[in-house]
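Containing compact mmCIF, C-alpha atoms: coords_11.txt.
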# COMPACT_ATOMS: atom_id res chain seq x y z
CA MET A 1285 133.15 131.80 148.01
CA LYS A 1286 135.35 133.85 150.35
CA ALA A 1287 134.20 137.29 151.47
CA VAL A 1288 135.10 139.98 154.01
CA VAL A 1289 132.37 139.79 156.63
CA TRP A 1290 131.50 142.19 159.46
CA HIS A 1291 131.22 140.57 162.90
CA GLY A 1292 131.39 143.59 165.20
CA LYS A 1293 133.35 146.71 166.06
CA ARG A 1294 136.92 146.31 164.72
CA ASP A 1295 136.09 142.70 163.88
CA VAL A 1296 136.05 141.77 160.19
CA ARG A 1297 136.84 138.25 159.03
CA VAL A 1298 137.25 136.37 155.78
CA ASP A 1299 134.46 133.79 155.81
CA THR A 1300 133.10 131.21 153.42
CA VAL A 1301 129.65 132.33 152.26
CA PRO A 1302 127.24 131.19 149.52
CA ASP A 1303 128.04 132.22 145.96
CA PRO A 1304 125.69 134.92 144.61
CA GLY A 1305 123.42 134.21 141.66
CA ILE A 1306 120.98 135.92 139.33
CA GLU A 1307 117.88 136.91 141.34
CA GLU A 1308 116.24 139.49 139.06
CA PRO A 1309 116.14 139.77 135.24
CA ASN A 1310 118.38 142.87 135.31
CA ASP A 1311 121.08 141.36 137.54
CA ALA A 1312 124.64 140.44 136.63
CA VAL A 1313 127.24 138.45 138.54
CA ILE A 1314 130.91 139.39 138.32
CA ARG A 1315 134.10 137.66 139.40
CA VAL A 1316 135.89 140.31 141.43
CA THR A 1317 139.54 140.87 140.54
CA SER A 1318 140.21 143.84 142.87
CA CYS A 1319 138.25 145.81 145.44
CA GLY A 1320 139.44 148.77 147.48
CA ILE A 1321 139.08 149.38 151.18
CA CYS A 1322 137.49 152.82 151.46
CA GLY A 1323 137.76 155.35 154.26
CA SER A 1324 134.00 155.02 154.67
CA ASP A 1325 134.49 151.28 155.27
CA LEU A 1326 136.40 152.35 158.37
CA HIS A 1327 133.25 154.10 159.63
CA LEU A 1328 131.57 150.67 159.62
CA TYR A 1329 134.64 149.21 161.32
CA GLU A 1330 134.51 151.78 164.12
CA VAL A 1331 131.37 153.95 164.39
CA PHE A 1332 128.25 152.62 162.67
CA GLY A 1333 127.99 149.17 164.24
CA ALA A 1334 124.43 149.83 165.38
CA PHE A 1335 123.29 149.77 161.75
CA MET A 1336 125.27 146.68 160.76
CA THR A 1337 124.21 143.06 161.01
CA GLU A 1338 126.69 140.32 161.78
CA GLY A 1339 127.35 138.55 158.49
CA ASP A 1340 127.18 141.65 156.29
CA ILE A 1341 129.63 141.52 153.37
CA LEU A 1342 131.69 144.69 153.03
CA GLY A 1343 133.15 146.60 150.09
CA HIS A 1344 131.96 149.01 147.43
CA GLU A 1345 134.95 149.62 145.12
CA PRO A 1346 135.09 146.55 142.84
CA ILE A 1347 136.35 145.77 139.37
CA GLY A 1348 135.97 142.36 137.78
CA ILE A 1349 134.82 140.15 134.94
CA VAL A 1350 131.18 139.49 134.05
CA GLU A 1351 130.35 135.82 134.68
CA GLU A 1352 126.60 135.76 134.12
CA VAL A 1353 123.80 138.17 133.18
CA GLY A 1354 120.06 138.11 133.66
CA PRO A 1355 117.66 137.78 130.72
CA ALA A 1356 116.90 141.52 130.63
CA ILE A 1357 120.56 142.56 130.27
CA THR A 1358 121.64 143.45 126.72
CA ASN A 1359 124.50 145.87 127.46
CA LEU A 1360 126.84 143.29 129.01
CA ARG A 1361 128.06 139.82 128.14
CA PRO A 1362 130.17 137.26 129.98
CA GLY A 1363 133.84 138.14 129.74
CA ASP A 1364 133.37 141.92 129.83
CA ARG A 1365 135.65 143.77 132.21
CA VAL A 1366 133.60 146.12 134.36
CA VAL A 1367 133.92 148.61 137.20
CA ILE A 1368 130.92 148.71 139.55
CA PRO A 1369 129.86 152.11 140.98
CA PHE A 1370 129.27 152.08 144.71
CA ASN A 1371 125.73 153.44 144.33
CA ILE A 1372 123.02 151.24 142.82
CA ALA A 1373 120.79 153.11 140.37
CA CYS A 1374 118.37 152.35 137.56
CA GLY A 1375 119.38 155.03 135.05
CA HIS A 1376 115.84 155.90 133.95
CA CYS A 1377 113.98 157.45 136.91
CA TYR A 1378 113.62 161.23 137.36
CA MET A 1379 116.64 161.48 139.67
CA CYS A 1380 118.92 159.40 137.46
CA VAL A 1381 117.96 161.35 134.34
CA THR A 1382 118.59 164.57 136.28
CA GLY A 1383 122.15 163.40 136.96
CA LEU A 1384 121.60 162.36 140.58
CA PRO A 1385 121.83 158.55 140.64
CA THR A 1386 122.67 158.78 144.35
CA GLN A 1387 118.99 159.65 144.80
CA CYS A 1388 117.64 156.95 142.45
CA GLU A 1389 113.89 156.60 142.97
CA THR A 1390 114.00 152.91 142.08
CA THR A 1391 116.53 151.90 144.75
CA GLN A 1392 115.92 154.53 147.45
CA VAL A 1393 115.88 152.95 150.91
CA ARG A 1394 112.57 154.49 151.91
CA GLU A 1395 112.31 152.55 155.18
CA TYR A 1396 115.06 154.78 156.55
CA GLY A 1397 114.43 157.87 154.43
CA LYS A 1398 117.72 157.45 152.57
CA GLY A 1399 118.84 157.78 148.97
CA ALA A 1400 119.99 155.09 146.57
CA ALA A 1401 121.09 151.71 147.89
CA LEU A 1402 124.84 151.19 148.22
CA PHE A 1403 126.97 148.09 148.03
CA GLY A 1404 128.28 146.80 151.35
CA TYR A 1405 126.97 149.64 153.50
CA THR A 1406 124.57 149.08 156.44
CA ARG A 1407 120.85 148.53 156.54
CA LEU A 1408 120.36 152.29 156.17
CA TYR A 1409 121.47 151.87 152.56
CA GLY A 1410 119.84 148.58 151.72
CA ARG A 1411 122.23 146.00 153.23
CA VAL A 1412 123.33 144.91 149.75
CA PRO A 1413 126.24 142.41 149.89
CA GLY A 1414 129.48 144.13 148.92
CA GLY A 1415 132.42 143.54 146.64
CA GLN A 1416 135.22 142.48 149.00
CA ALA A 1417 134.56 138.94 147.88
CA ASP A 1418 135.26 136.42 145.14
CA TYR A 1419 131.97 137.20 143.40
CA LEU A 1420 129.39 140.00 143.46
CA ARG A 1421 125.76 140.14 142.42
CA VAL A 1422 125.10 143.47 140.67
CA PRO A 1423 121.47 144.70 140.68
CA GLN A 1424 120.36 147.25 138.05
CA ALA A 1425 123.12 146.00 135.74
CA GLN A 1426 121.45 147.71 132.78
CA PHE A 1427 122.93 150.99 134.09
CA GLY A 1428 125.58 150.60 136.77
CA PRO A 1429 128.52 148.61 135.36
CA ILE A 1430 131.17 150.59 133.46
CA VAL A 1431 132.80 148.53 130.71
CA VAL A 1432 136.54 149.25 130.54
CA PRO A 1433 139.28 148.01 128.20
CA GLU A 1434 141.27 144.85 128.74
CA GLY A 1435 145.00 145.11 129.16
CA PRO A 1436 146.00 147.67 131.80
CA PRO A 1437 146.18 146.48 135.44
CA ASP A 1438 143.11 146.93 137.63
CA ASP A 1439 144.67 150.04 139.19
CA ARG A 1440 144.06 151.97 135.97
CA PHE A 1441 140.26 151.73 136.23
CA VAL A 1442 139.20 150.44 139.67
CA TYR A 1443 138.97 153.94 141.16
CA LEU A 1444 136.06 154.74 138.84
CA SER A 1445 133.96 152.86 141.40
CA ASP A 1446 134.26 155.61 144.02
CA VAL A 1447 137.55 157.47 144.56
CA LEU A 1448 137.74 159.23 141.19
CA PRO A 1449 134.09 160.34 140.84
CA THR A 1450 134.01 161.36 144.51
CA ALA A 1451 137.09 163.52 143.99
CA TRP A 1452 135.87 164.84 140.64
CA GLN A 1453 132.50 165.86 142.09
CA ALA A 1454 134.19 167.44 145.11
CA VAL A 1455 136.34 169.62 142.83
CA GLU A 1456 133.33 170.44 140.64
CA TYR A 1457 131.30 171.45 143.68
CA ALA A 1458 134.22 173.50 145.04
CA ALA A 1459 133.81 175.90 142.09
CA VAL A 1460 137.36 177.21 142.25
CA PRO A 1461 137.51 180.47 140.28
CA PRO A 1462 140.12 181.03 137.55
CA ASP A 1463 143.53 181.58 139.16
CA GLY A 1464 141.96 180.65 142.49
CA THR A 1465 143.30 178.73 145.47
CA LEU A 1466 141.87 175.41 146.67
CA LEU A 1467 142.49 174.08 150.19
CA VAL A 1468 142.07 170.34 150.71
CA LEU A 1469 141.59 169.21 154.31
CA GLY A 1470 142.72 165.60 154.73
CA LEU A 1471 145.07 163.83 152.33
CA GLY A 1472 143.80 160.30 152.67
CA PRO A 1473 142.69 158.54 149.46
CA ILE A 1474 139.89 161.00 148.67
CA GLY A 1475 141.73 164.17 149.62
CA ASP A 1476 144.85 163.04 147.77
CA MET A 1477 142.79 162.35 144.65
CA CYS A 1478 140.94 165.67 145.02
CA ALA A 1479 144.29 167.46 144.89
CA ARG A 1480 145.33 165.44 141.82
CA VAL A 1481 142.04 166.08 140.02
CA ALA A 1482 142.21 169.79 140.84
CA ARG A 1483 145.71 170.04 139.41
CA TYR A 1484 144.65 168.06 136.32
CA ARG A 1485 141.70 170.39 135.81
CA GLY A 1486 143.89 173.47 135.93
CA VAL A 1487 143.47 174.80 139.46
CA SER A 1488 146.45 177.08 139.78
CA ARG A 1489 147.17 176.58 143.48
CA VAL A 1490 146.31 173.62 145.71
CA ILE A 1491 147.17 173.49 149.42
CA GLY A 1492 146.76 170.22 151.34
CA VAL A 1493 146.47 169.77 155.11
CA ASP A 1494 147.16 166.56 157.04
CA LEU A 1495 149.20 165.21 159.95
CA VAL A 1496 150.45 161.91 158.51
CA PRO A 1497 153.97 162.27 157.07
CA GLU A 1498 153.48 159.73 154.26
CA ARG A 1499 150.32 161.47 153.07
CA LEU A 1500 151.96 164.88 153.10
CA ALA A 1501 154.91 163.50 151.14
CA ARG A 1502 152.63 161.96 148.47
CA ALA A 1503 150.84 165.26 147.93
CA ARG A 1504 154.05 167.30 147.92
CA HIS A 1505 155.50 164.98 145.27
CA ARG A 1506 152.62 165.90 142.95
CA GLY A 1507 153.04 169.65 143.25
CA VAL A 1508 150.70 170.35 146.17
CA GLU A 1509 151.72 172.82 148.88
CA VAL A 1510 151.31 171.04 152.20
CA VAL A 1511 150.58 172.11 155.75
CA ASP A 1512 151.43 169.71 158.58
CA LEU A 1513 148.91 169.99 161.40
CA ILE A 1514 151.52 168.79 163.85
CA GLY A 1515 153.56 171.55 165.44
CA HIS A 1516 151.30 174.50 164.59
CA ASP A 1517 149.37 176.30 167.32
CA ASP A 1518 147.05 178.10 164.91
CA THR A 1519 146.51 176.25 161.64
CA ALA A 1520 143.82 178.69 160.52
CA GLU A 1521 146.12 181.67 160.89
CA MET A 1522 148.88 179.87 159.02
CA ILE A 1523 146.53 179.14 156.12
CA ARG A 1524 145.40 182.76 156.03
CA ASP A 1525 149.04 183.82 155.94
CA LEU A 1526 149.49 181.63 152.86
CA THR A 1527 146.53 183.30 151.14
CA ARG A 1528 147.24 187.02 151.63
CA GLY A 1529 145.19 187.10 154.82
CA ARG A 1530 141.97 186.48 152.91
CA GLY A 1531 141.68 182.70 153.00
CA PRO A 1532 141.38 180.20 150.13
CA ASP A 1533 138.66 180.67 147.53
CA SER A 1534 137.42 177.11 148.01
CA VAL A 1535 137.85 174.36 150.59
CA ILE A 1536 137.28 170.64 150.21
CA ASP A 1537 136.67 168.82 153.49
CA ALA A 1538 137.82 165.27 152.72
CA VAL A 1539 137.91 164.25 156.40
CA GLY A 1540 134.33 163.80 157.56
CA LEU A 1541 132.84 162.48 160.74
CA GLU A 1542 135.97 161.09 162.43
CA ALA A 1543 138.11 164.23 162.36
CA HIS A 1544 141.06 164.61 164.72
CA GLY A 1545 140.78 167.38 167.29
CA SER A 1546 137.08 166.88 168.15
CA PRO A 1547 137.07 165.49 171.71
CA VAL A 1548 133.36 166.01 172.39
CA GLY A 1549 132.27 164.41 169.14
CA LYS A 1550 134.71 161.55 169.67
CA LEU A 1551 133.33 160.92 173.16
CA ALA A 1552 129.75 160.94 171.83
CA GLN A 1553 130.65 158.40 169.14
CA GLN A 1554 132.44 156.20 171.67
CA VAL A 1555 129.45 156.27 174.03
CA ALA A 1556 127.05 155.36 171.21
CA SER A 1557 129.32 152.54 170.07
CA VAL A 1558 129.09 150.72 173.42
CA LEU A 1559 125.31 151.05 173.78
CA PRO A 1560 123.16 148.04 172.86
CA ASP A 1561 122.14 148.34 169.20
CA PRO A 1562 118.40 148.88 169.92
CA VAL A 1563 119.38 151.89 172.08
CA ALA A 1564 122.25 153.14 169.91
CA ARG A 1565 120.22 153.26 166.69
CA PRO A 1566 117.62 155.87 167.75
CA VAL A 1567 120.29 157.85 169.63
CA THR A 1568 122.44 158.05 166.50
CA GLU A 1569 119.51 158.71 164.15
CA LYS A 1570 118.09 161.58 166.20
CA ALA A 1571 120.94 162.94 168.31
CA GLY A 1572 124.14 161.67 166.71
CA VAL A 1573 127.00 164.11 166.35
CA ASP A 1574 130.09 164.12 164.17
CA ARG A 1575 133.64 165.16 164.94
CA LEU A 1576 133.51 168.57 163.30
CA ALA A 1577 137.05 169.95 163.64
CA ALA A 1578 137.71 169.79 159.90
CA LEU A 1579 134.40 171.40 158.96
CA HIS A 1580 134.85 174.14 161.54
CA LEU A 1581 138.34 174.81 160.16
CA ALA A 1582 136.90 175.01 156.64
CA ILE A 1583 134.29 177.55 157.77
CA ASP A 1584 136.93 179.56 159.61
CA VAL A 1585 139.49 179.81 156.81
CA VAL A 1586 137.50 179.97 153.56
CA ARG A 1587 137.38 183.50 152.22
CA ARG A 1588 134.21 185.54 152.38
CA GLY A 1589 131.96 184.54 149.51
CA GLY A 1590 133.94 181.31 149.07
CA THR A 1591 132.76 177.74 148.67
CA ILE A 1592 133.05 174.64 150.87
CA SER A 1593 132.69 171.23 149.25
CA LEU A 1594 132.11 168.30 151.59
CA ALA A 1595 133.50 165.02 150.28
CA GLY A 1596 134.06 163.38 153.66
CA VAL A 1597 131.11 161.38 154.99
CA TYR A 1598 129.03 162.92 157.76
CA GLY A 1599 126.27 161.12 159.66
CA GLY A 1600 125.23 163.33 162.55
CA MET A 1601 121.68 164.50 163.11
CA ALA A 1602 122.39 167.09 165.82
CA ASP A 1603 125.61 168.69 164.66
CA PRO A 1604 126.14 172.24 166.00
CA LEU A 1605 127.19 174.58 163.19
CA PRO A 1606 128.15 178.27 163.36
CA MET A 1607 125.25 179.45 161.25
CA MET A 1608 125.93 183.11 161.96
CA VAL A 1609 129.45 182.75 160.51
CA LEU A 1610 128.20 180.83 157.47
CA PHE A 1611 125.57 183.48 156.82
CA ASP A 1612 127.77 186.49 157.54
CA LYS A 1613 130.63 185.24 155.36
CA GLN A 1614 128.16 184.30 152.60
CA ILE A 1615 129.70 180.84 152.29
CA GLN A 1616 128.34 178.43 149.70
CA VAL A 1617 128.24 174.77 150.83
CA ARG A 1618 127.77 171.76 148.54
CA MET A 1619 127.92 168.11 149.48
CA GLY A 1620 126.67 164.60 148.87
CA GLN A 1621 127.56 161.11 147.74
CA ALA A 1622 129.25 161.01 144.36
CA ASN A 1623 126.95 160.58 141.37
CA VAL A 1624 129.34 158.12 139.77
CA ARG A 1625 127.86 157.63 136.32
CA ARG A 1626 127.42 161.39 135.88
CA TRP A 1627 131.19 161.93 135.85
CA VAL A 1628 132.52 158.82 134.07
CA ASP A 1629 132.68 160.38 130.60
CA ASP A 1630 134.66 163.31 132.01
CA ILE A 1631 137.15 161.09 133.82
CA LEU A 1632 137.78 158.32 131.29
CA PRO A 1633 139.96 160.40 128.91
CA ALA A 1634 142.52 160.87 131.69
CA LEU A 1635 142.59 157.12 132.35
CA LEU A 1636 143.12 156.27 128.70
CA ARG A 1637 146.20 158.47 128.37
CA ASP A 1638 149.57 156.71 128.38
CA ASP A 1639 151.11 159.29 130.70
CA ASP A 1640 148.63 158.55 133.55
CA PRO A 1641 148.13 162.21 134.58
CA LEU A 1642 146.21 161.31 137.76
CA GLY A 1643 148.79 158.77 138.90
CA VAL A 1644 146.26 155.98 139.30
CA ASP A 1645 148.75 153.25 138.35
CA THR A 1646 150.73 153.93 141.52
CA PHE A 1647 147.93 155.28 143.73
CA ALA A 1648 147.56 152.13 145.86
CA THR A 1649 150.15 151.78 148.59
CA HIS A 1650 149.22 148.15 149.30
CA ARG A 1651 147.86 145.34 147.12
CA VAL A 1652 147.13 142.31 149.26
CA PRO A 1653 145.21 139.03 149.02
CA LEU A 1654 141.63 139.00 150.22
CA SER A 1655 142.71 136.52 152.89
CA VAL A 1656 144.61 139.20 154.85
CA ALA A 1657 141.76 141.74 154.84
CA PRO A 1658 141.44 141.87 158.67
CA ALA A 1659 145.07 142.98 159.03
CA ALA A 1660 144.67 145.43 156.14
CA TYR A 1661 141.68 147.06 157.85
CA GLU A 1662 143.64 147.44 161.07
CA ASP A 1663 146.68 148.90 159.28
CA PHE A 1664 144.50 151.35 157.33
CA GLN A 1665 142.64 152.51 160.41
CA GLN A 1666 145.83 152.98 162.42
CA LYS A 1667 147.74 154.44 159.42
CA LYS A 1668 150.50 151.90 159.92
CA ASP A 1669 153.23 151.03 157.41
CA GLY A 1670 152.42 154.03 155.20
CA THR A 1671 148.95 152.67 154.42
CA VAL A 1672 146.99 155.15 152.31
CA LYS A 1673 145.09 153.00 149.81
CA VAL A 1674 144.58 149.23 149.92
CA LEU A 1675 143.39 147.01 147.07
CA LEU A 1676 142.16 143.55 148.06
CA GLN A 1677 142.68 140.95 145.36
CA PRO A 1678 140.72 137.68 145.59

As structure tokens, how would this structure be written, given the file I've shared?
Amino acid sequence: MKAVVWHGKRDVRVDTVPDPGIEEPNDAVIRVTSCGICGSDLHLYEVFGAFMTEGDILGHEPIGIVEEVGPAITNLRPGDRVVIPFNIACGHCYMCVTGLPTQCETTQVREYGKGAALFGYTRLYGRVPGGQADYLRVPQAQFGPIVVPEGPPDDRFVYLSDVLPTAWQAVEYAAVPPDGTLLVLGLGPIGDMCARVARYRGVSRVIGVDLVPERLARARHRGVEVVDLIGHDDTAEMIRDLTRGRGPDSVIDAVGLEAHGSPVGKLAQQVASVLPDPVARPVTEKAGVDRLAALHLAIDVVRRGGTISLAGVYGGMADPLPMMVLFDKQIQVRMGQANVRRWVDDILPALLRDDDPLGVDTFATHRVPLSVAPAAYEDFQQKKDGTVKVLLQP
């Protein structure tokens, strides 16, 4: 089969690799019909090479058709249309029953002290082959796959794999009070969807911040007030001016570890990226730092007693944070990978409506064949040609 394979920093290729098969009784194999490129895939493309292995298959946002199931699988049958959550979980351990499948005790990657295994995402998270491919082996298929109706295009349901539950959880964690204001930092795929989910869930005022004109225009079109980072000397003061000098009630940081405006963090990441992997790995694990401009802005502008919800991925182990400010302002902070299956029942009603209130049918800016994945990665990373969300279609 064909698959998108990691070969090094900014080097992904479409290679011919062996077809996956059933390896465990609770496996399934699906034929992938669409798979997104995620912003966190770009971290593998640029930053986390020390934890990748040449030949790793990327991708964790797939939808497809069940081709084969293991003997223990009774909830699926060949021909079912399924979305595959990016986290791999059993559904019956303490953490899964508690509603935290990201911490699944069956698939935790204990060698590295990490939570549940993820599709297509470094040895730290199990090095499980991903879904940017013709076919995908799905472990723990008794719990993970989400069966969705036939008929609508993939766009209607594919974002259940990651984008929608990540945004839904981010808004849930933001705990916006009635008649409150939510600030969303970063209007890439996750931030854009956070703003849409917030509006759908009744948040009265949503303000979005970015510096890419196409992203600002998309958010503005859906009723979000936007702030362009370009051309403003003091973004924090401008945001306070928009919120009666107090600051927003809640802030979602949908940017994460590669934020613009963090020269020291950027330099540290660049230095680590050119070190030999055996040296870079312990440096990153014990002394790695993120680009923290977005998080520092969130801490600065959120009102006293407000809430910050981190949806962007962070990976630093030595990040300097203004703890005195966090403590003095009595800021609540919530974060973590999205617990996909926990939120599916809440999200599905919006996807089954004819009026498409979340705009998923037109959310992707680019739908391209799997064969052009290397160019799609480059365009997404460089924000060329209005690229906000890419769906690869084998």

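If you measure from each of A:Lys1293, A:Ser1445, A:Pro1346, A:Val1301 to A:Arg1625 using all atoms listed in the file, the closest one turns out to be A:Ser1445.
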
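Residues with any atom within 9 Å of A:Gln1616, counting all atoms listed in the file and excluding same-chain neighbours fewer than 6 positions away, are Ala1458, Gly1589, Gly1590, Thr1591, Ile1592, Ser1593 and Leu1610 of chain A.
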
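As for atom CA of A:Ala1602 and atom CA of A:Ala1401, they are spaced 23.7 Å apart.
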
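From atom CA of A:Arg1421 back to atom CA of A:Leu1444, the distance works out to 18.2 Å.
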
**Report entry** Nearby residues (all atoms listed in the file) at most 10 Å from A:Val1609, same-chain spacing under 4 positions excluded, as a ChimeraX atom specification
**Finding:** /A:1583-1584,1588,1605,1613-1615

Report task. Using all atoms listed in the file, pick whichever of A:Gly1404, A:Pro1436, A:Pro1449, A:Pro1355 has the shortest atom-to-atom distance to A:Leu1420. Result -> A:Gly1404

Report task. Go through A:Ala1538, A:Ile1491, A:Ala1373, A:Ala1503 and flag the residue nearest A:Ser1324, using only C-alpha atoms for the distances. Result -> A:Ala1538

Find the nearest atom pair between each residue of stretch 1421-1538 of chain A and stretch 1377-1398 of chain A for residues within 10 Å, count all atoms listed in the file, give distances in Å to one decimal, sort rows by chain and ascending number, and present the table as CSV.
residue,atom,partner,partner_atom,distance
A:Pro1423,CA,A:Thr1391,CA,9.6
A:Gln1424,CA,A:Thr1391,CA,9.0
A:Phe1427,CA,A:Cys1380,CA,9.9
A:Gly1428,CA,A:Pro1385,CA,9.6

Pull the closest atom pair for each residue of stretch 1382-1416 of chain A that gets at most 12 Å from stretch 1312-1321 of chain A, along with the distance in Å to one decimal, counting all atoms listed in the file, ordering rows by chain and then ascending residue number, as CSV.
residue,atom,partner,partner_atom,distance
A:Phe1403,CA,A:Cys1319,CA,11.8
A:Gly1404,CA,A:Ile1321,CA,11.1
A:Gly1414,CA,A:Cys1319,CA,9.6
A:Gly1415,CA,A:Cys1319,CA,6.4
A:Gln1416,CA,A:Cys1319,CA,5.7

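Going from atom CA of A:Leu1408 over to atom CA of A:Val1672, you cover 27.1 Å.
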
Go through stretch 1397-1468 of chain A and flag each residue having an atom no more than 10 Å from stretch 1649-1664 of chain A; for those, report the closest pair of atoms plus their distance in Å to one decimal, using only C-alpha atoms, ordered by chain and rising number, as a tab-separated table.
residue	atom	partner	partner_atom	distance
A:Gln1416	CA	A:Leu1654	CA	7.4
A:Ala1417	CA	A:Leu1654	CA	7.4
A:Asp1418	CA	A:Leu1654	CA	8.5
A:Asp1439	CA	A:Arg1651	CA	9.8

Could you extract stretch 1484-1506 of chain A of the given structure into a file holding N, CA and C atoms, as a PDB file, in the first residue's frame?
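Here's the written file out-v5.pdb:
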ATOM      1  N   TYR A1484     -21.661  27.728  18.830  1.00  0.00           N
ATOM      2  CA  TYR A1484     -22.730  26.725  18.788  1.00  0.00           C
ATOM      3  C   TYR A1484     -23.268  26.442  20.192  1.00  0.00           C
ATOM      4  N   ARG A1485     -22.383  26.458  21.178  1.00  0.00           N
ATOM      5  CA  ARG A1485     -22.774  26.157  22.546  1.00  0.00           C
ATOM      6  C   ARG A1485     -23.291  27.381  23.299  1.00  0.00           C
ATOM      7  N   GLY A1486     -23.410  28.507  22.627  1.00  0.00           N
ATOM      8  CA  GLY A1486     -24.074  29.647  23.226  1.00  0.00           C
ATOM      9  C   GLY A1486     -23.188  30.670  23.886  1.00  0.00           C
ATOM     10  N   VAL A1487     -21.864  30.588  23.686  1.00  0.00           N
ATOM     11  CA  VAL A1487     -21.002  31.626  24.236  1.00  0.00           C
ATOM     12  C   VAL A1487     -21.336  32.937  23.545  1.00  0.00           C
ATOM     13  N   SER A1488     -21.615  33.951  24.335  1.00  0.00           N
ATOM     14  CA  SER A1488     -22.187  35.173  23.775  1.00  0.00           C
ATOM     15  C   SER A1488     -21.183  35.999  22.991  1.00  0.00           C
ATOM     16  N   ARG A1489     -19.908  35.931  23.367  1.00  0.00           N
ATOM     17  CA  ARG A1489     -18.914  36.746  22.676  1.00  0.00           C
ATOM     18  C   ARG A1489     -17.617  35.965  22.534  1.00  0.00           C
ATOM     19  N   VAL A1490     -17.155  35.819  21.289  1.00  0.00           N
ATOM     20  CA  VAL A1490     -15.904  35.116  21.003  1.00  0.00           C
ATOM     21  C   VAL A1490     -14.997  36.064  20.235  1.00  0.00           C
ATOM     22  N   ILE A1491     -13.767  36.207  20.722  1.00  0.00           N
ATOM     23  CA  ILE A1491     -12.748  37.033  20.068  1.00  0.00           C
ATOM     24  C   ILE A1491     -11.617  36.107  19.643  1.00  0.00           C
ATOM     25  N   GLY A1492     -11.196  36.193  18.396  1.00  0.00           N
ATOM     26  CA  GLY A1492     -10.112  35.361  17.888  1.00  0.00           C
ATOM     27  C   GLY A1492      -8.904  36.186  17.510  1.00  0.00           C
ATOM     28  N   VAL A1493      -7.705  35.640  17.784  1.00  0.00           N
ATOM     29  CA  VAL A1493      -6.450  36.349  17.515  1.00  0.00           C
ATOM     30  C   VAL A1493      -5.586  35.506  16.587  1.00  0.00           C
ATOM     31  N   ASP A1494      -5.073  36.117  15.528  1.00  0.00           N
ATOM     32  CA  ASP A1494      -4.164  35.437  14.612  1.00  0.00           C
ATOM     33  C   ASP A1494      -3.443  36.497  13.794  1.00  0.00           C
ATOM     34  N   LEU A1495      -2.553  36.058  12.905  1.00  0.00           N
ATOM     35  CA  LEU A1495      -1.845  36.993  12.036  1.00  0.00           C
ATOM     36  C   LEU A1495      -1.912  36.591  10.573  1.00  0.00           C
ATOM     37  N   VAL A1496      -2.681  35.522  10.267  1.00  0.00           N
ATOM     38  CA  VAL A1496      -2.819  35.062   8.890  1.00  0.00           C
ATOM     39  C   VAL A1496      -4.147  35.581   8.339  1.00  0.00           C
ATOM     40  N   PRO A1497      -4.125  36.368   7.286  1.00  0.00           N
ATOM     41  CA  PRO A1497      -5.364  37.002   6.803  1.00  0.00           C
ATOM     42  C   PRO A1497      -6.486  36.014   6.495  1.00  0.00           C
ATOM     43  N   GLU A1498      -6.161  34.889   5.870  1.00  0.00           N
ATOM     44  CA  GLU A1498      -7.202  33.919   5.512  1.00  0.00           C
ATOM     45  C   GLU A1498      -7.870  33.338   6.752  1.00  0.00           C
ATOM     46  N   ARG A1499      -7.103  33.114   7.795  1.00  0.00           N
ATOM     47  CA  ARG A1499      -7.673  32.562   9.024  1.00  0.00           C
ATOM     48  C   ARG A1499      -8.570  33.589   9.710  1.00  0.00           C
ATOM     49  N   LEU A1500      -8.126  34.820   9.741  1.00  0.00           N
ATOM     50  CA  LEU A1500      -8.949  35.878  10.328  1.00  0.00           C
ATOM     51  C   LEU A1500     -10.265  36.037   9.565  1.00  0.00           C
ATOM     52  N   ALA A1501     -10.185  35.945   8.239  1.00  0.00           N
ATOM     53  CA  ALA A1501     -11.392  36.101   7.421  1.00  0.00           C
ATOM     54  C   ALA A1501     -12.377  34.964   7.669  1.00  0.00           C
ATOM     55  N   ARG A1502     -11.870  33.722   7.805  1.00  0.00           N
ATOM     56  CA  ARG A1502     -12.751  32.580   8.076  1.00  0.00           C
ATOM     57  C   ARG A1502     -13.505  32.780   9.392  1.00  0.00           C
ATOM     58  N   ALA A1503     -12.787  33.204  10.420  1.00  0.00           N
ATOM     59  CA  ALA A1503     -13.428  33.392  11.724  1.00  0.00           C
ATOM     60  C   ALA A1503     -14.424  34.543  11.683  1.00  0.00           C
ATOM     61  N   ARG A1504     -14.044  35.630  11.051  1.00  0.00           N
ATOM     62  CA  ARG A1504     -14.940  36.789  10.960  1.00  0.00           C
ATOM     63  C   ARG A1504     -16.237  36.420  10.252  1.00  0.00           C
ATOM     64  N   HIS A1505     -16.129  35.579   9.233  1.00  0.00           N
ATOM     65  CA  HIS A1505     -17.306  35.166   8.463  1.00  0.00           C
ATOM     66  C   HIS A1505     -18.313  34.420   9.330  1.00  0.00           C
ATOM     67  N   ARG A1506     -17.834  33.796  10.405  1.00  0.00           N
ATOM     68  CA  ARG A1506     -18.720  33.016  11.274  1.00  0.00           C
ATOM     69  C   ARG A1506     -19.068  33.762  12.557  1.00  0.00           C
TER      70      ARG A1506
END
